[in-house]
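One file, coords_27.txt, carrying compact mmCIF, C-alpha atoms and all ligand atoms:
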```
# COMPACT_ATOMS: atom_id res chain seq x y z
CA MET A 1 22.45 7.13 -22.46
CA ASP A 2 20.09 9.39 -24.36
CA LYS A 3 18.96 12.94 -23.74
CA ILE A 4 15.17 13.05 -23.80
CA LEU A 5 14.19 16.60 -22.98
CA GLY A 6 16.15 19.39 -21.28
CA GLY A 7 18.13 17.80 -18.48
CA ILE A 8 16.42 14.41 -18.54
CA TYR A 9 18.68 11.55 -19.55
CA VAL A 10 17.67 7.92 -19.75
CA GLY A 11 19.80 4.83 -20.09
CA SER A 12 21.11 1.54 -18.79
CA VAL A 13 23.30 0.83 -15.78
CA VAL A 14 26.43 0.80 -17.97
CA PRO A 15 27.41 4.49 -17.50
CA ILE A 16 27.35 3.87 -13.75
CA MET A 17 29.30 0.64 -13.92
CA THR A 18 31.92 2.24 -16.12
CA HIS A 19 32.12 5.35 -13.93
CA VAL A 20 31.20 7.86 -16.62
CA PRO A 21 31.74 11.32 -15.08
CA LEU A 22 28.08 12.26 -15.42
CA LYS A 23 28.47 15.48 -13.47
CA VAL A 24 31.31 16.82 -15.59
CA GLU A 25 30.06 15.64 -18.95
CA TYR A 26 26.30 16.07 -18.61
CA HIS A 27 25.79 18.31 -15.55
CA VAL A 28 23.93 15.45 -13.89
CA SER A 29 23.34 16.09 -10.19
CA HIS A 30 20.62 13.48 -9.51
CA ILE A 31 20.36 9.80 -10.35
CA LEU A 32 17.12 7.83 -10.25
CA SER A 33 17.88 4.11 -10.23
CA CYS A 34 14.98 1.84 -11.15
CA MET A 35 16.68 -1.44 -10.31
CA LYS A 36 18.07 -3.39 -7.44
CA PHE A 37 21.57 -2.62 -6.24
CA ASP A 38 23.09 -5.00 -3.75
CA LYS A 39 25.23 -2.09 -2.78
CA ILE A 40 25.00 1.46 -4.14
CA PRO A 41 28.21 2.03 -6.13
CA GLU A 42 30.52 3.89 -3.79
CA TYR A 43 31.82 6.36 -6.29
CA LEU A 44 28.32 7.81 -6.73
CA VAL A 45 28.20 8.61 -3.05
CA LYS A 46 31.75 9.99 -3.04
CA LYS A 47 31.06 12.27 -5.99
CA GLY A 48 28.09 13.78 -4.17
CA TYR A 49 25.26 12.76 -6.47
CA THR A 50 21.77 12.92 -5.04
CA LEU A 51 20.48 9.37 -5.34
CA LYS A 52 17.14 7.69 -5.27
CA ASN A 53 16.73 3.97 -5.66
CA ILE A 54 13.39 2.44 -6.57
CA ASP A 55 13.96 -1.18 -5.68
CA LEU A 56 11.34 -2.83 -7.85
CA ASN A 57 12.47 -6.27 -6.84
CA ASP A 58 11.99 -5.59 -3.18
CA ASP A 59 8.66 -7.33 -2.99
CA SER A 60 8.00 -10.63 -1.32
CA LEU A 61 5.37 -11.25 -3.98
CA TYR A 62 7.79 -10.65 -6.80
CA PHE A 63 6.88 -11.87 -10.25
CA ASP A 64 8.28 -10.35 -13.40
CA ASP A 65 4.86 -9.96 -14.99
CA ILE A 66 3.36 -8.04 -12.11
CA VAL A 67 6.13 -5.72 -11.07
CA ASP A 68 4.27 -2.75 -9.71
CA LEU A 69 6.01 0.34 -11.07
CA ILE A 70 3.08 2.70 -10.93
CA LYS A 71 2.93 2.82 -7.15
CA TYR A 72 6.26 4.68 -7.12
CA VAL A 73 5.28 7.26 -9.73
CA ASN A 74 4.51 10.09 -7.30
CA GLU A 75 7.82 9.83 -5.47
CA ALA A 76 9.73 9.44 -8.73
CA ASN A 77 8.08 12.55 -10.15
CA GLU A 78 8.84 14.50 -7.01
CA PHE A 79 12.47 13.47 -7.17
CA ILE A 80 12.79 14.49 -10.83
CA ASP A 81 11.11 17.82 -10.06
CA HIS A 82 13.61 18.60 -7.35
CA ALA A 83 16.48 17.70 -9.65
CA ILE A 84 15.63 19.83 -12.64
CA PHE A 85 13.37 22.46 -11.07
CA PRO A 86 14.86 23.09 -7.62
CA ASN A 87 13.52 25.91 -5.44
CA GLU A 88 10.08 26.25 -7.00
CA GLU A 89 7.34 27.48 -4.71
CA ASN A 90 4.59 25.28 -6.03
CA TYR A 91 5.05 21.96 -7.77
CA ASN A 92 1.41 21.06 -8.31
CA PRO A 93 1.14 20.69 -12.10
CA LEU A 94 -2.59 21.33 -11.89
CA GLU A 95 -1.83 24.83 -10.59
CA VAL A 96 1.47 25.80 -12.19
CA ASN A 97 2.93 25.16 -15.59
CA PHE A 98 6.66 24.61 -15.90
CA LYS A 99 6.67 24.72 -19.69
CA GLY A 100 9.28 27.23 -20.78
CA ILE A 101 10.96 27.34 -17.36
CA LYS A 102 14.66 26.67 -17.72
CA GLN A 103 15.82 23.43 -16.19
CA LYS A 104 18.53 24.04 -13.63
CA SER A 105 20.32 20.75 -13.54
CA ALA A 106 20.22 17.30 -15.09
CA ILE A 107 19.05 13.89 -13.97
CA PHE A 108 20.00 10.43 -15.15
CA ILE A 109 17.14 7.94 -14.94
CA HIS A 110 18.31 4.40 -15.46
CA SER A 111 17.26 0.80 -15.15
CA PHE A 112 19.29 -2.30 -15.94
CA LYS A 113 18.86 -2.13 -19.71
CA GLY A 114 17.28 1.31 -19.93
CA SER A 115 14.74 0.19 -22.49
CA ASN A 116 11.66 -0.43 -20.37
CA ARG A 117 11.41 0.49 -16.71
CA ALA A 118 13.45 3.69 -16.87
CA CYS A 119 11.38 4.75 -19.89
CA PHE A 120 8.23 4.16 -17.87
CA TYR A 121 9.22 6.76 -15.29
CA VAL A 122 10.31 9.28 -17.92
CA ILE A 123 7.01 8.90 -19.78
CA CYS A 124 5.02 9.33 -16.56
CA TYR A 125 7.06 12.41 -15.68
CA LEU A 126 6.37 14.06 -19.03
CA MET A 127 2.66 13.41 -18.55
CA TYR A 128 2.66 14.68 -14.99
CA ARG A 129 4.79 17.76 -15.44
CA PHE A 130 3.99 18.91 -18.97
CA GLY A 131 0.49 17.53 -19.42
CA PHE A 132 1.41 15.27 -22.34
CA ASN A 133 -1.04 12.50 -23.07
CA LEU A 134 0.34 8.96 -23.14
CA LYS A 135 0.81 8.92 -26.90
CA GLN A 136 2.67 12.22 -26.96
CA ALA A 137 4.87 11.30 -24.00
CA THR A 138 5.74 7.88 -25.44
CA TYR A 139 6.63 9.45 -28.76
CA ALA A 140 8.73 12.14 -27.08
CA VAL A 141 10.84 9.47 -25.39
CA ASP A 142 10.96 6.99 -28.26
CA ARG A 143 12.20 9.49 -30.85
CA LYS A 144 15.14 10.49 -28.65
CA MET A 145 16.27 6.97 -27.92
CA ILE A 146 19.26 6.58 -30.18
CA ASN A 147 21.82 4.62 -28.17
CA ASN A 148 19.23 2.46 -26.46
CA LYS A 149 16.02 1.30 -28.03
CA MET A 150 12.74 1.66 -26.19
CA GLU A 151 11.03 -1.70 -25.74
CA LEU A 152 8.08 -1.45 -23.39
CA SER A 153 6.80 -4.70 -21.94
CA ASP A 154 3.08 -5.50 -21.78
CA ASN A 155 3.24 -5.04 -18.04
CA VAL A 156 4.67 -1.54 -18.42
CA LEU A 157 2.20 -0.63 -21.16
CA GLU A 158 -0.71 -1.69 -18.99
CA GLN A 159 0.52 0.51 -16.18
CA LEU A 160 1.03 3.45 -18.50
CA ASN A 161 -2.58 3.06 -19.59
CA LEU A 162 -3.65 2.91 -15.96
CA PHE A 163 -1.72 6.10 -15.24
CA GLU A 164 -3.40 7.86 -18.14
CA ALA A 165 -6.80 6.62 -16.94
CA MET A 166 -6.00 8.14 -13.53
CA GLY A 167 -5.56 11.50 -15.24
CA GLY A 168 -1.85 11.24 -15.97
CA ARG A 169 -0.85 13.45 -13.07
CA PHE A 170 -0.92 11.54 -9.81
CA PHE A 171 -0.95 7.89 -8.93
CA ASP A 172 -3.97 7.08 -6.80
CA PRO A 173 -3.54 3.89 -4.73
CA ASN A 174 -7.30 3.80 -4.19
CA ASN A 175 -8.12 3.74 -7.89
CA SER A 176 -10.39 0.77 -8.43
CA GLU A 177 -9.08 -0.01 -11.93
CA TYR A 178 -5.61 -0.27 -10.45
CA LYS A 179 -6.76 -2.67 -7.77
CA GLN A 180 -8.63 -4.74 -10.32
CA TRP A 181 -5.57 -4.83 -12.56
CA LYS A 182 -3.42 -6.08 -9.70
CA LEU A 183 -5.88 -8.75 -8.68
CA THR A 184 -6.35 -9.94 -12.25
CA LYS A 185 -2.58 -10.23 -12.68
CA CYS A 186 -2.24 -12.21 -9.48
CA ASN A 187 -5.04 -14.52 -10.55
CA GLU A 188 -3.46 -15.15 -13.92
CA ILE A 189 -0.31 -16.34 -12.17
CA ASP A 190 -2.09 -18.22 -9.43
CA PRO A 191 -5.70 -19.16 -10.29
CA SER A 192 -6.21 -20.64 -6.83
CA GLY A 193 -6.62 -17.12 -5.46
CA GLN A 194 -3.84 -17.66 -2.96
CA LEU A 195 -1.57 -14.99 -4.43
CA SER A 196 -4.41 -12.46 -4.57
CA ARG A 197 -5.21 -13.21 -0.98
CA GLN A 198 -1.58 -12.71 0.05
CA MET A 199 -1.38 -9.50 -1.91
CA ILE A 200 -4.48 -7.92 -0.43
CA ALA A 201 -3.42 -9.06 3.03
CA LYS A 202 -0.09 -7.30 2.59
CA ASP A 203 -1.33 -4.09 1.02
CA ASN A 204 -3.87 -2.20 3.08
CA ASN A 205 -4.64 0.07 0.16
CA MET A 206 -6.16 -2.86 -1.66
CA PHE A 207 -9.28 -2.50 0.42
CA GLU A 208 -11.71 0.31 -0.12
CA SER A 209 -10.57 3.38 1.74
CA GLU A 210 -12.99 5.47 3.74
CA GLU A 211 -10.60 8.41 3.52
CA ASP A 212 -10.94 10.91 0.73
CA SER A 213 -8.62 10.62 -2.20
CA ALA A 214 -5.54 12.85 -2.22
CA ASN A 215 -6.89 14.54 -5.30
CA THR A 216 -9.41 17.00 -3.87
CA GLU A 217 -10.73 18.08 -7.25
CA LYS A 218 -11.83 14.55 -7.95
CA VAL A 219 -13.57 14.22 -4.60
CA GLU A 220 -15.76 17.25 -5.27
CA ILE A 221 -17.03 15.75 -8.51
CA ASP A 222 -17.50 12.35 -6.93
CA GLU A 223 -19.52 13.58 -3.96
CA LYS A 224 -22.23 14.94 -6.21
CA ASP A 225 -22.70 11.78 -8.25
CA LEU A 226 -21.83 9.30 -5.56
CA GLN A 227 -24.30 6.51 -5.04
CA VAL A 228 -24.37 3.79 -2.46
CA LEU A 229 -25.63 0.25 -2.43
CA ARG A 230 -27.43 -0.77 0.69
CA CYS A 231 -28.93 -4.01 1.83
CA LYS A 232 -32.54 -4.35 0.74
CA LYS A 233 -33.48 -5.98 3.99
CA CYS A 234 -31.76 -3.89 6.67
CA ARG A 235 -30.46 -0.84 4.73
CA GLN A 236 -26.89 -1.50 5.79
CA HIS A 237 -24.50 0.55 3.61
CA LEU A 238 -22.54 -1.98 1.56
CA ALA A 239 -20.64 -0.17 -1.20
CA LYS A 240 -20.05 3.23 -2.72
CA SER A 241 -20.30 3.65 -6.47
CA SER A 242 -16.65 4.78 -6.41
CA SER A 243 -15.79 1.17 -5.56
CA PHE A 244 -17.60 -0.27 -8.57
CA ILE A 245 -15.62 -2.08 -11.22
CA ASN A 246 -17.73 -1.10 -14.18
CA HIS A 247 -18.04 -3.32 -17.20
CA GLU A 248 -19.41 -3.03 -20.70
CA PRO A 249 -21.85 -5.81 -21.61
CA PRO A 250 -20.36 -7.79 -24.52
CA ALA A 251 -21.80 -7.34 -28.02
CA LYS A 252 -24.99 -9.35 -28.56
CA THR A 253 -23.40 -11.19 -31.48
CA SER A 254 -20.32 -12.25 -29.50
CA LYS A 255 -19.74 -15.67 -28.03
CA GLU A 256 -19.33 -14.09 -24.61
CA SER A 257 -22.95 -12.93 -24.60
CA HIS A 258 -24.24 -16.50 -24.97
CA PHE A 259 -24.54 -19.00 -22.18
CA PHE A 260 -23.81 -22.51 -23.37
CA LYS A 261 -25.54 -25.32 -21.54
CA ARG A 262 -23.35 -28.36 -21.49
CA GLY A 263 -24.40 -31.92 -20.99
CA GLY A 264 -24.01 -35.40 -22.43
CA ILE A 265 -21.85 -38.15 -21.00
CA SER A 266 -18.65 -36.12 -21.08
CA GLY A 267 -20.44 -33.04 -19.83
CA ASN A 268 -18.77 -31.12 -22.60
CA ARG A 269 -21.33 -31.41 -25.34
CA ILE A 270 -23.31 -28.24 -25.90
CA VAL A 271 -26.97 -29.08 -25.40
CA GLY A 272 -28.41 -25.63 -25.44
CA VAL A 273 -27.59 -21.98 -25.93
CA GLU A 274 -29.18 -19.11 -24.09
CA LYS A 275 -28.76 -15.47 -24.88
CA SER A 276 -27.50 -13.18 -22.17
CA GLN A 277 -29.90 -10.83 -20.43
CA ASP A 278 -30.07 -7.14 -21.19
CA MET A 279 -29.82 -6.15 -17.56
CA CYS A 280 -26.78 -6.70 -15.40
CA THR A 281 -27.61 -8.57 -12.22
CA HIS A 282 -24.17 -8.07 -10.67
CA TYR A 283 -22.35 -5.08 -9.23
CA PHE A 284 -18.67 -5.95 -9.40
CA VAL A 285 -16.69 -4.17 -6.72
CA GLU A 286 -13.16 -3.82 -5.43
CA PRO A 287 -12.42 -5.67 -2.17
CA LEU A 288 -14.41 -3.81 0.48
CA ASN A 289 -13.45 -3.43 4.10
CA TRP A 290 -16.34 -5.50 5.44
CA MET A 291 -15.37 -8.36 3.12
CA LYS A 292 -11.85 -8.46 4.52
CA GLU A 293 -12.28 -11.33 6.90
CA LYS A 294 -14.08 -13.48 4.37
CA LEU A 295 -11.61 -12.79 1.56
CA LEU A 296 -8.53 -13.28 3.72
CA THR A 297 -9.40 -16.18 5.93
CA GLU A 298 -11.36 -18.39 3.59
CA GLU A 299 -9.04 -20.84 1.93
CA LEU A 300 -11.67 -21.25 -0.71
CA LEU A 301 -11.75 -20.42 -4.36
CA GLU A 302 -15.24 -19.02 -3.98
CA GLY A 303 -17.62 -17.98 -1.26
CA LYS A 304 -20.69 -15.99 -0.36
CA PHE A 305 -20.95 -12.59 1.28
CA LEU A 306 -23.49 -12.07 4.00
CA CYS A 307 -24.73 -8.61 4.87
CA PRO A 308 -22.84 -7.43 8.00
CA GLY A 309 -26.14 -5.98 9.26
CA CYS A 310 -28.63 -8.81 8.88
CA GLU A 311 -26.65 -11.74 7.47
CA ALA A 312 -28.77 -11.97 4.33
CA LYS A 313 -26.84 -13.24 1.34
CA VAL A 314 -25.91 -10.16 -0.69
CA GLY A 315 -23.11 -11.31 -2.96
CA ALA A 316 -20.28 -13.69 -3.67
CA PHE A 317 -16.70 -13.94 -4.81
CA ASN A 318 -14.82 -16.28 -7.05
CA TRP A 319 -11.08 -15.90 -7.51
CA LYS A 320 -11.30 -17.63 -10.88
CA GLY A 321 -13.74 -15.00 -12.04
CA SER A 322 -17.48 -14.92 -12.42
CA ARG A 323 -19.95 -14.03 -15.08
CA CYS A 324 -22.54 -11.30 -15.07
CA SER A 325 -25.98 -11.96 -16.52
CA CYS A 326 -24.96 -9.82 -19.51
CA GLY A 327 -22.33 -12.44 -20.27
CA LYS A 328 -19.27 -10.45 -19.24
CA TRP A 329 -16.50 -12.38 -17.49
CA MET A 330 -14.92 -10.52 -14.63
CA ASN A 331 -11.74 -11.65 -12.95
CA PRO A 332 -11.65 -11.79 -10.03
CA GLY A 333 -15.38 -11.86 -9.54
CA ILE A 334 -16.20 -9.97 -6.38
CA HIS A 335 -19.79 -8.90 -6.64
CA LEU A 336 -22.99 -7.82 -4.97
CA GLN A 337 -26.26 -9.06 -6.37
CA ALA A 338 -28.49 -6.35 -7.78
CA SER A 339 -31.63 -8.09 -6.51
CA LYS A 340 -30.36 -7.97 -2.92
CA VAL A 341 -29.42 -4.30 -2.77
CA ASP A 342 -30.88 -0.87 -3.43
CA LYS A 343 -28.90 1.80 -5.21
CA VAL A 344 -29.51 5.26 -3.76
CA ASP A 345 -27.85 8.67 -3.97
CA ALA A 346 -25.25 9.18 -1.26
CA ILE A 347 -26.63 12.63 -0.42
CA LYS A 348 -30.12 11.27 0.13
CA LYS A 349 -28.71 8.53 2.26
CA GLN A 350 -27.09 11.10 4.55
CA LEU A 351 -30.46 12.84 4.94
CA ALA A 352 -32.08 9.54 5.74
CA ILE A 353 -29.53 8.91 8.48
CA GLY A 354 -30.35 12.35 9.89
CA VAL A 355 -34.04 11.42 10.06
CA ASP A 356 -33.25 8.10 11.69
CA ARG A 357 -31.24 9.80 14.42
CA ARG A 358 -34.12 12.10 15.35
CA GLU A 359 -36.50 9.21 15.75
ZN ZN B 1 -23.16 -7.20 -16.77
ZN ZN B 2 -28.75 -6.50 5.65
```
Have the structure of the file written as structure tokens, please.
Amino acid sequence: MDKILGGIYVGSVVPIMTHVPLKVEYHVSHILSCMKFDKIPEYLVKKGYTLKNIDLNDDSLYFDDIVDLIKYVNEANEFIDHAIFPNEENYNPLEVNFKGIKQKSAIFIHSFKGSNRACFYVICYLMYRFGFNLKQATYAVDRKMINNKMELSDNVLEQLNLFEAMGGRFFDPNNSEYKQWKLTKCNEIDPSGQLSRQMIAKDNNMFESEEDSANTEKVEIDEKDLQVLRCKKCRQHLAKSSSFINHEPPAKTSKESHFFKRGGISGNRIVGVEKSQDMCTHYFVEPLNWMKEKLLTEELLEGKFLCPGCEAKVGAFNWKGSRCSCGKWMNPGIHLQASKVDKVDAIKKQLAIGVDRRE
């Protein structure tokens, strides 16, 4: 095991299996286990350690490449806080700074090998508690790893980047990039869309939430700039801009920005090339509540979305991905068509509803 910072130790399961007296030798009072135990080692319980087990394998949709570590970040951070900073009045890192406060006890954070998953939680904690950016936090852990080497998997790196994109403080299950990441991963494993469908059926958070995010600061900013898409025909509210999966149109010189027309006997010969359009004709969105039935019950790879108000065709989905007019491939492709919707400010929309009610 290696000492990272103050009372934070990281390592493999070996010290536990070999009954290292962590309390006596390292003043460890808490143990965060990021692995599956068939049975929690009895001696840990007997010796009075405070234990928390994040069972990352406890997922009926378990695949090594899509192990979702980030969804446990908030509880992991809370546990580490209570280990090394017990009895604080306020733990919100946006309000209080614990830099320079003496750590009271020590915690051992371990996974099976201690080189990947345990490091993930330590890195996230340093970002959350001390405001490190991802680069600083990764370096802070890496340079202290002497007995074990840090080897972060692509999956872990992607989730660290997601955490940084969320602000590096709190995991937000409603974050649309996170949902998109999960769906894309599922689709890579199972291009039929079946796995994605199972995953969104199982996890209610995967659908757009009407509730405000836990992070109140963020909500205030969002409210001001929030826009909504509504049906052109019947004005039914279809999506909030906070549910958009934004994309950058590919560079004009790239292959992605050209549409190749194929033909010939094989159907594979390129018979024409068209440049992409400057304007995007698609709004890609996270799975929205009103799409639930369609996305979950259709056993299809692709389908159309009808407006819940007037049944006009307003969009479509394709689990294999779909292409915007700008050329960008999005996977999965859940989109509303720009020509079928109006984008208006959310505030104005509320006023409009007020007028409608008086009529
Ligand atoms: Zn586009
Ligand atoms: Zn409509």
Legend entry - Residue contacts of Glu274 of chain A (9 Å, all atoms listed in the file) excluding same-chain residues fewer than 2 positions away, as a PyMOL selection string: chain A and resi 257-261+272+276
List all protein, DNA and RNA residues that have at least one atom no more than 8 Å from any atom of ligand ZN 2 (chain B), counting all atoms listed in the file, and write them as JSON, numbers by chain. {"A": [230, 231, 232, 233, 234, 235, 236, 306, 307, 308, 309, 310, 311, 312, 314]}
Set the distance at 10 Å and use only C-alpha atoms: which residues neighbour segment 89-92 of chain A once local chain neighbours fewer than 6 positions away are removed? I'd like the list as a PyMOL selection string.
chain A and resi 78+81-82+98+128-129+169-170
Selection file, C-alpha atoms, as a compact mmCIF listing (two decimals), in the frame of the given file:
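So the final result, stored in result_1.txt, reads:
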```
# COMPACT_ATOMS: atom_id res chain seq x y z
CA GLU A 78 8.84 14.50 -7.01
CA ASP A 81 11.11 17.82 -10.06
CA HIS A 82 13.61 18.60 -7.35
CA PHE A 98 6.66 24.61 -15.90
CA TYR A 128 2.66 14.68 -14.99
CA ARG A 129 4.79 17.76 -15.44
CA ARG A 169 -0.85 13.45 -13.07
CA PHE A 170 -0.92 11.54 -9.81
```
Once you count all atoms listed in the file, what closest atom pair and distance in Å to one decimal does each residue of chain A within 12 Å of ligand ZN 1 (chain B) have, with rows by chain and rising residue number, as CSV?
```
residue,atom,partner,partner_atom,distance
A:Ile245,CA,B:ZN1,ZN,10.7
A:Asn246,CA,B:ZN1,ZN,8.6
A:His247,CA,B:ZN1,ZN,6.4
A:Glu248,CA,B:ZN1,ZN,6.8
A:Pro249,CA,B:ZN1,ZN,5.2
A:Pro250,CA,B:ZN1,ZN,8.3
A:Ala251,CA,B:ZN1,ZN,11.3
A:Glu256,CA,B:ZN1,ZN,11.1
A:Ser257,CA,B:ZN1,ZN,9.7
A:Ser276,CA,B:ZN1,ZN,9.2
A:Gln277,CA,B:ZN1,ZN,8.5
A:Asp278,CA,B:ZN1,ZN,8.2
A:Met279,CA,B:ZN1,ZN,6.8
A:Cys280,CA,B:ZN1,ZN,3.9
A:Thr281,CA,B:ZN1,ZN,6.5
A:His282,CA,B:ZN1,ZN,6.2
A:Tyr283,CA,B:ZN1,ZN,7.9
A:Phe284,CA,B:ZN1,ZN,8.7
A:Ser322,CA,B:ZN1,ZN,10.5
A:Arg323,CA,B:ZN1,ZN,7.7
A:Cys324,CA,B:ZN1,ZN,4.5
A:Ser325,CA,B:ZN1,ZN,5.5
A:Cys326,CA,B:ZN1,ZN,4.2
A:Gly327,CA,B:ZN1,ZN,6.4
A:Lys328,CA,B:ZN1,ZN,5.6
A:Trp329,CA,B:ZN1,ZN,8.5
A:Met330,CA,B:ZN1,ZN,9.1
A:Gly333,CA,B:ZN1,ZN,11.6
A:His335,CA,B:ZN1,ZN,10.8
A:Leu336,CA,B:ZN1,ZN,11.8
A:Gln337,CA,B:ZN1,ZN,11.0
A:Ala338,CA,B:ZN1,ZN,10.5
```
Next on the checklist: Just to confirm, what's the straight-line distance from atom CA of Asn77 of chain A to atom CA of Glu151 of chain A in Å (one decimal)?
Outcome noted: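 Atom-to-atom, atom CA of Asn77 of chain A to atom CA of Glu151 of chain A, that is 21.3 Å.
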Distance criterion (only C-alpha atoms): nearest to Leu51 of chain A out of A:Tyr9, A:Ile107, A:Lys23, A:Leu229
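Nearest candidate to Leu51 of chain A out of A:Tyr9, A:Ile107, A:Lys23, A:Leu229: A:Ile107.
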Can you sort out segment 303-322 of chain A so it carries N, CA and C atoms, written as a PDB file, in the coordinates of the input?
```pdb
ATOM      1  N   GLY A 303     -16.852 -18.050  -2.500  1.00  0.00           N
ATOM      2  CA  GLY A 303     -17.620 -17.980  -1.260  1.00  0.00           C
ATOM      3  C   GLY A 303     -18.736 -16.965  -1.377  1.00  0.00           C
ATOM      4  N   LYS A 304     -19.552 -16.920  -0.352  1.00  0.00           N
ATOM      5  CA  LYS A 304     -20.690 -15.990  -0.360  1.00  0.00           C
ATOM      6  C   LYS A 304     -20.435 -14.859   0.633  1.00  0.00           C
ATOM      7  N   PHE A 305     -21.026 -13.705   0.344  1.00  0.00           N
ATOM      8  CA  PHE A 305     -20.950 -12.590   1.280  1.00  0.00           C
ATOM      9  C   PHE A 305     -22.309 -12.400   1.947  1.00  0.00           C
ATOM     10  N   LEU A 306     -22.266 -12.347   3.267  1.00  0.00           N
ATOM     11  CA  LEU A 306     -23.490 -12.070   4.000  1.00  0.00           C
ATOM     12  C   LEU A 306     -23.471 -10.614   4.446  1.00  0.00           C
ATOM     13  N   CYS A 307     -24.628  -9.996   4.438  1.00  0.00           N
ATOM     14  CA  CYS A 307     -24.730  -8.610   4.870  1.00  0.00           C
ATOM     15  C   CYS A 307     -24.247  -8.504   6.318  1.00  0.00           C
ATOM     16  N   PRO A 308     -23.326  -7.552   6.612  1.00  0.00           N
ATOM     17  CA  PRO A 308     -22.840  -7.430   8.000  1.00  0.00           C
ATOM     18  C   PRO A 308     -23.941  -6.964   8.950  1.00  0.00           C
ATOM     19  N   GLY A 309     -25.044  -6.445   8.404  1.00  0.00           N
ATOM     20  CA  GLY A 309     -26.140  -5.980   9.260  1.00  0.00           C
ATOM     21  C   GLY A 309     -27.108  -7.085   9.622  1.00  0.00           C
ATOM     22  N   CYS A 310     -27.557  -7.853   8.619  1.00  0.00           N
ATOM     23  CA  CYS A 310     -28.630  -8.810   8.880  1.00  0.00           C
ATOM     24  C   CYS A 310     -28.313 -10.231   8.423  1.00  0.00           C
ATOM     25  N   GLU A 311     -27.116 -10.418   7.879  1.00  0.00           N
ATOM     26  CA  GLU A 311     -26.650 -11.740   7.470  1.00  0.00           C
ATOM     27  C   GLU A 311     -27.425 -12.323   6.284  1.00  0.00           C
ATOM     28  N   ALA A 312     -28.154 -11.480   5.568  1.00  0.00           N
ATOM     29  CA  ALA A 312     -28.770 -11.970   4.330  1.00  0.00           C
ATOM     30  C   ALA A 312     -27.669 -12.124   3.285  1.00  0.00           C
ATOM     31  N   LYS A 313     -27.848 -13.060   2.392  1.00  0.00           N
ATOM     32  CA  LYS A 313     -26.840 -13.240   1.340  1.00  0.00           C
ATOM     33  C   LYS A 313     -26.952 -12.073   0.361  1.00  0.00           C
ATOM     34  N   VAL A 314     -25.854 -11.339   0.192  1.00  0.00           N
ATOM     35  CA  VAL A 314     -25.910 -10.160  -0.690  1.00  0.00           C
ATOM     36  C   VAL A 314     -24.962 -10.259  -1.880  1.00  0.00           C
ATOM     37  N   GLY A 315     -24.051 -11.222  -1.845  1.00  0.00           N
ATOM     38  CA  GLY A 315     -23.110 -11.310  -2.960  1.00  0.00           C
ATOM     39  C   GLY A 315     -22.202 -12.503  -2.833  1.00  0.00           C
ATOM     40  N   ALA A 316     -21.181 -12.535  -3.656  1.00  0.00           N
ATOM     41  CA  ALA A 316     -20.280 -13.690  -3.670  1.00  0.00           C
ATOM     42  C   ALA A 316     -18.953 -13.295  -4.300  1.00  0.00           C
ATOM     43  N   PHE A 317     -17.971 -14.152  -4.113  1.00  0.00           N
ATOM     44  CA  PHE A 317     -16.700 -13.940  -4.810  1.00  0.00           C
ATOM     45  C   PHE A 317     -16.224 -15.254  -5.393  1.00  0.00           C
ATOM     46  N   ASN A 318     -15.461 -15.124  -6.452  1.00  0.00           N
ATOM     47  CA  ASN A 318     -14.820 -16.280  -7.050  1.00  0.00           C
ATOM     48  C   ASN A 318     -13.491 -15.813  -7.623  1.00  0.00           C
ATOM     49  N   TRP A 319     -12.407 -16.351  -7.084  1.00  0.00           N
ATOM     50  CA  TRP A 319     -11.080 -15.900  -7.510  1.00  0.00           C
ATOM     51  C   TRP A 319     -10.804 -16.256  -8.968  1.00  0.00           C
ATOM     52  N   LYS A 320     -11.508 -17.260  -9.476  1.00  0.00           N
ATOM     53  CA  LYS A 320     -11.300 -17.630 -10.880  1.00  0.00           C
ATOM     54  C   LYS A 320     -12.060 -16.696 -11.813  1.00  0.00           C
ATOM     55  N   GLY A 321     -12.932 -15.888 -11.236  1.00  0.00           N
ATOM     56  CA  GLY A 321     -13.740 -15.000 -12.040  1.00  0.00           C
ATOM     57  C   GLY A 321     -15.194 -15.429 -11.988  1.00  0.00           C
ATOM     58  N   SER A 322     -16.083 -14.516 -12.323  1.00  0.00           N
ATOM     59  CA  SER A 322     -17.480 -14.920 -12.420  1.00  0.00           C
ATOM     60  C   SER A 322     -18.150 -14.111 -13.512  1.00  0.00           C
TER      61      SER A 322
END
```
